[in-house]
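For reference, model-v9.cif (mmCIF, C-alpha atoms; chains and numbers go by the auth columns):
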data_query
#
loop_
_atom_site.group_PDB
_atom_site.id
_atom_site.type_symbol
_atom_site.label_atom_id
_atom_site.label_comp_id
_atom_site.label_asym_id
_atom_site.label_seq_id
_atom_site.Cartn_x
_atom_site.Cartn_y
_atom_site.Cartn_z
_atom_site.B_iso_or_equiv
_atom_site.auth_seq_id
_atom_site.auth_asym_id
ATOM 1 C CA PRO A 1 -9.278 8.546 -10.849 0.00 450 A
ATOM 2 C CA LEU A 2 -6.479 8.647 -8.337 0.00 451 A
ATOM 3 C CA THR A 3 -3.892 5.844 -8.313 0.00 452 A
ATOM 4 C CA VAL A 4 -2.079 4.852 -5.108 0.00 453 A
ATOM 5 C CA THR A 5 0.810 2.375 -4.905 0.00 454 A
ATOM 6 C CA LEU A 6 2.072 1.043 -1.569 0.00 455 A
ATOM 7 C CA ARG A 7 5.350 -0.883 -1.226 0.00 456 A
ATOM 8 C CA VAL A 8 7.280 -2.595 1.566 0.00 457 A
ATOM 9 C CA ALA A 9 10.549 -4.523 1.320 0.00 458 A
ATOM 10 C CA ARG A 10 10.300 -6.979 4.207 0.00 459 A
ATOM 11 C CA GLY A 11 6.660 -7.939 4.479 0.00 460 A
ATOM 12 C CA THR A 12 3.246 -8.123 2.858 0.00 461 A
ATOM 13 C CA LEU A 13 0.339 -5.705 2.569 0.00 462 A
ATOM 14 C CA THR A 14 -3.215 -7.027 2.649 0.00 463 A
ATOM 15 C CA LEU A 15 -6.448 -5.132 2.035 0.00 464 A
ATOM 16 C CA GLY A 16 -9.700 -6.171 3.674 0.00 465 A
ATOM 17 C CA SER A 17 -11.908 -4.241 1.253 0.00 466 A
ATOM 18 C CA THR A 18 -11.464 -2.929 -2.278 0.00 467 A
ATOM 19 C CA ALA A 19 -15.080 -2.110 -3.163 0.00 468 A
ATOM 20 C CA GLY A 20 -15.323 0.427 -5.981 0.00 469 A
ATOM 21 C CA LEU A 21 -11.621 0.157 -6.883 0.00 470 A
ATOM 22 C CA SER A 22 -9.333 -1.443 -9.375 0.00 471 A
ATOM 23 C CA ALA A 23 -6.861 -3.240 -7.102 0.00 472 A
ATOM 24 C CA SER A 24 -3.908 -5.580 -7.513 0.00 473 A
ATOM 25 C CA GLY A 25 -1.223 -7.098 -5.331 0.00 474 A
ATOM 26 C CA SER A 26 -3.084 -7.637 -2.055 0.00 475 A
ATOM 27 C CA GLY A 27 -1.077 -10.146 -0.022 0.00 476 A
ATOM 28 C CA THR A 28 2.247 -9.117 -1.608 0.00 477 A
ATOM 29 C CA GLY A 29 4.855 -6.434 -0.962 0.00 478 A
ATOM 30 C CA ALA A 30 3.336 -4.034 -3.535 0.00 479 A
ATOM 31 C CA VAL A 31 -0.335 -3.016 -3.757 0.00 480 A
ATOM 32 C CA THR A 32 -1.804 -0.724 -6.422 0.00 481 A
ATOM 33 C CA LEU A 33 -5.255 0.845 -6.113 0.00 482 A
ATOM 34 C CA ALA A 34 -7.128 3.120 -8.523 0.00 483 A
ATOM 35 C CA GLY A 35 -10.467 4.816 -8.089 0.00 484 A
ATOM 36 C CA PRO A 36 -12.341 7.596 -6.320 0.00 485 A
ATOM 37 C CA THR A 37 -10.910 9.133 -3.153 0.00 486 A
ATOM 38 C CA ALA A 38 -13.705 7.872 -0.867 0.00 487 A
ATOM 39 C CA ALA A 39 -13.179 4.261 -1.988 0.00 488 A
ATOM 40 C CA LEU A 40 -9.396 4.619 -1.610 0.00 489 A
ATOM 41 C CA ASN A 41 -9.796 5.916 1.935 0.00 490 A
ATOM 42 C CA ALA A 42 -12.131 3.028 2.812 0.00 491 A
ATOM 43 C CA ALA A 43 -9.666 0.467 1.424 0.00 492 A
ATOM 44 C CA LEU A 44 -6.653 2.050 3.142 0.00 493 A
ATOM 45 C CA ALA A 45 -8.523 1.900 6.465 0.00 494 A
ATOM 46 C CA THR A 46 -8.455 -1.923 6.125 0.00 495 A
ATOM 47 C CA LEU A 47 -4.754 -2.170 5.184 0.00 496 A
ATOM 48 C CA ALA A 48 -2.711 -4.644 7.232 0.00 497 A
ATOM 49 C CA TYR A 49 1.075 -5.066 7.249 0.00 498 A
ATOM 50 C CA ARG A 50 2.740 -8.325 8.214 0.00 499 A
ATOM 51 C CA GLY A 51 6.520 -8.711 8.338 0.00 500 A
ATOM 52 C CA HIS A 52 8.159 -11.705 6.705 0.00 501 A
ATOM 53 C CA LEU A 53 8.381 -14.876 8.793 0.00 502 A
ATOM 54 C CA ASN A 54 11.259 -14.730 11.301 0.00 503 A
ATOM 55 C CA TYR A 55 12.166 -11.165 10.335 0.00 504 A
ATOM 56 C CA ALA A 56 12.609 -8.789 13.258 0.00 505 A
ATOM 57 C CA GLY A 57 13.635 -5.314 12.230 0.00 506 A
ATOM 58 C CA PRO A 58 12.519 -2.136 10.550 0.00 507 A
ATOM 59 C CA ASP A 59 10.747 -1.759 7.228 0.00 508 A
ATOM 60 C CA THR A 60 9.615 1.220 5.187 0.00 509 A
ATOM 61 C CA LEU A 61 6.198 1.806 3.660 0.00 510 A
ATOM 62 C CA THR A 62 6.558 3.788 0.432 0.00 511 A
ATOM 63 C CA VAL A 63 3.385 5.500 -0.771 0.00 512 A
ATOM 64 C CA SER A 64 3.030 6.936 -4.272 0.00 513 A
ATOM 65 C CA ALA A 65 -0.106 8.747 -5.405 0.00 514 A
ATOM 66 C CA GLY A 66 -1.014 10.425 -8.658 0.00 515 A
ATOM 67 C CA ASP A 67 -3.876 11.461 -10.883 0.00 516 A
ATOM 68 C CA GLY A 68 -2.160 11.059 -14.245 0.00 517 A
ATOM 69 C CA ASN A 69 -0.905 14.641 -14.279 0.00 518 A
ATOM 70 C CA LEU A 70 0.565 15.204 -10.836 0.00 519 A
ATOM 71 C CA GLY A 71 2.125 12.725 -8.446 0.00 520 A
ATOM 72 C CA SER A 72 3.920 12.463 -5.154 0.00 521 A
ATOM 73 C CA THR A 73 5.877 9.848 -3.210 0.00 522 A
ATOM 74 C CA ALA A 74 6.581 9.605 0.524 0.00 523 A
ATOM 75 C CA ALA A 75 8.104 7.003 2.837 0.00 524 A
ATOM 76 C CA VAL A 76 7.129 6.081 6.389 0.00 525 A
ATOM 77 C CA PRO A 77 9.263 3.866 8.656 0.00 526 A
ATOM 78 C CA ILE A 78 7.415 0.939 10.236 0.00 527 A
#

Translate this structure into structure tokens?
Amino acid sequence: PLTVTLRVARGTLTLGSTAGLSASGSGTGAVTLAGPTAALNAALATLAYRGHLNYAGPDTLTVSAGDGNLGSTAAVPI
């Protein structure tokens, strides 16, 4: 299975659906998902970001993905 970890520094990440996945951290600044690609895509389609209360500024979403042998990490400003 593929494992995906999402992190933000100044907010929380919440998933609406995690059917077919092993998932942890929904509602925190770091979410980890593991499972088949189709289930990961469905869960990521429900991902919501909310900045911390009274914070007004940029944040960065860091995405790491791997299959146990190969992995990659990328960052996206939000």

Shortest contact to Gly515 (chain A), candidates A:Asn503, A:Thr495, A:Thr486, A:Thr452, atoms counted only C-alpha atoms, goes to A:Thr452

Tell me, counting only C-alpha atoms, for each residue of region 450-478 of chain A within 6 Å of region 510-514 of chain A, which pair of atoms is nearest and how far apart they are in Å to one decimal, in rows ordered by chain and increasing number, as JSON lines.
{"residue": "A:Thr452", "atom": "CA", "partner": "A:Ala514", "partner_atom": "CA", "distance": 5.6}
{"residue": "A:Val453", "atom": "CA", "partner": "A:Ala514", "partner_atom": "CA", "distance": 4.4}
{"residue": "A:Thr454", "atom": "CA", "partner": "A:Ser513", "partner_atom": "CA", "distance": 5.1}
{"residue": "A:Leu455", "atom": "CA", "partner": "A:Val512", "partner_atom": "CA", "distance": 4.7}
{"residue": "A:Arg456", "atom": "CA", "partner": "A:Thr511", "partner_atom": "CA", "distance": 5.1}
{"residue": "A:Val457", "atom": "CA", "partner": "A:Leu510", "partner_atom": "CA", "distance": 5.0}

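With only C-alpha atoms as the atoms that count, the residue of A:Arg459, A:Thr477, A:Leu502, A:Thr467 with the shortest distance to Asn490 (chain A) is A:Thr467.
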
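For the atom pair formed by CA of Gly506 (chain A) and CA of Ala479 (chain A), the distance is 18.9 Å, given to one decimal.
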
What gap, in Å, lies between CA of Pro485 (chain A) and CA of Arg499 (chain A)?
->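 CA of Pro485 (chain A) sits 26.3 Å away from CA of Arg499 (chain A).
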
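If you apply the PyMOL selection byres ((chain A and resi 525) around 7) to this structure, you end up with Thr509, Leu510, Thr511, Ala523, Ala524, Pro526 and Ile527 of chain A.
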
Spell out the residues picked by the PyMOL selection byres ((chain A and resi 476) around 9) here, as a VMD selection string.
-> chain A and resid 461 to 464 474 to 475 477 to 480

Output as JSON the centre and edge lengths (Å, one decimal) of the box along x, y and z of the file that holds every listed atom of region 512-520 of chain A after adding 4 Å on each side.
{"center_x": -0.2, "center_y": 10.4, "center_z": -7.5, "size_x": 15.3, "size_y": 17.7, "size_z": 21.5}

Residues at most 7 Å from region 469-471 of chain A, counting all atoms listed in the file, excluding those fewer than 6 positions away in the same chain, as a PyMOL selection string?
-> chain A and resi 482-484+488

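Distance check against Gly500 (chain A) using only C-alpha atoms: of A:Ala468, A:Thr522, A:Ala487, A:Ala458, the minimum falls on A:Ala458.
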
Suppose you want the space between CA of Ala505 (chain A) and CA of Ser466 (chain A); what is it in Å?
->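 Distance between the two atoms: 27.7 Å.
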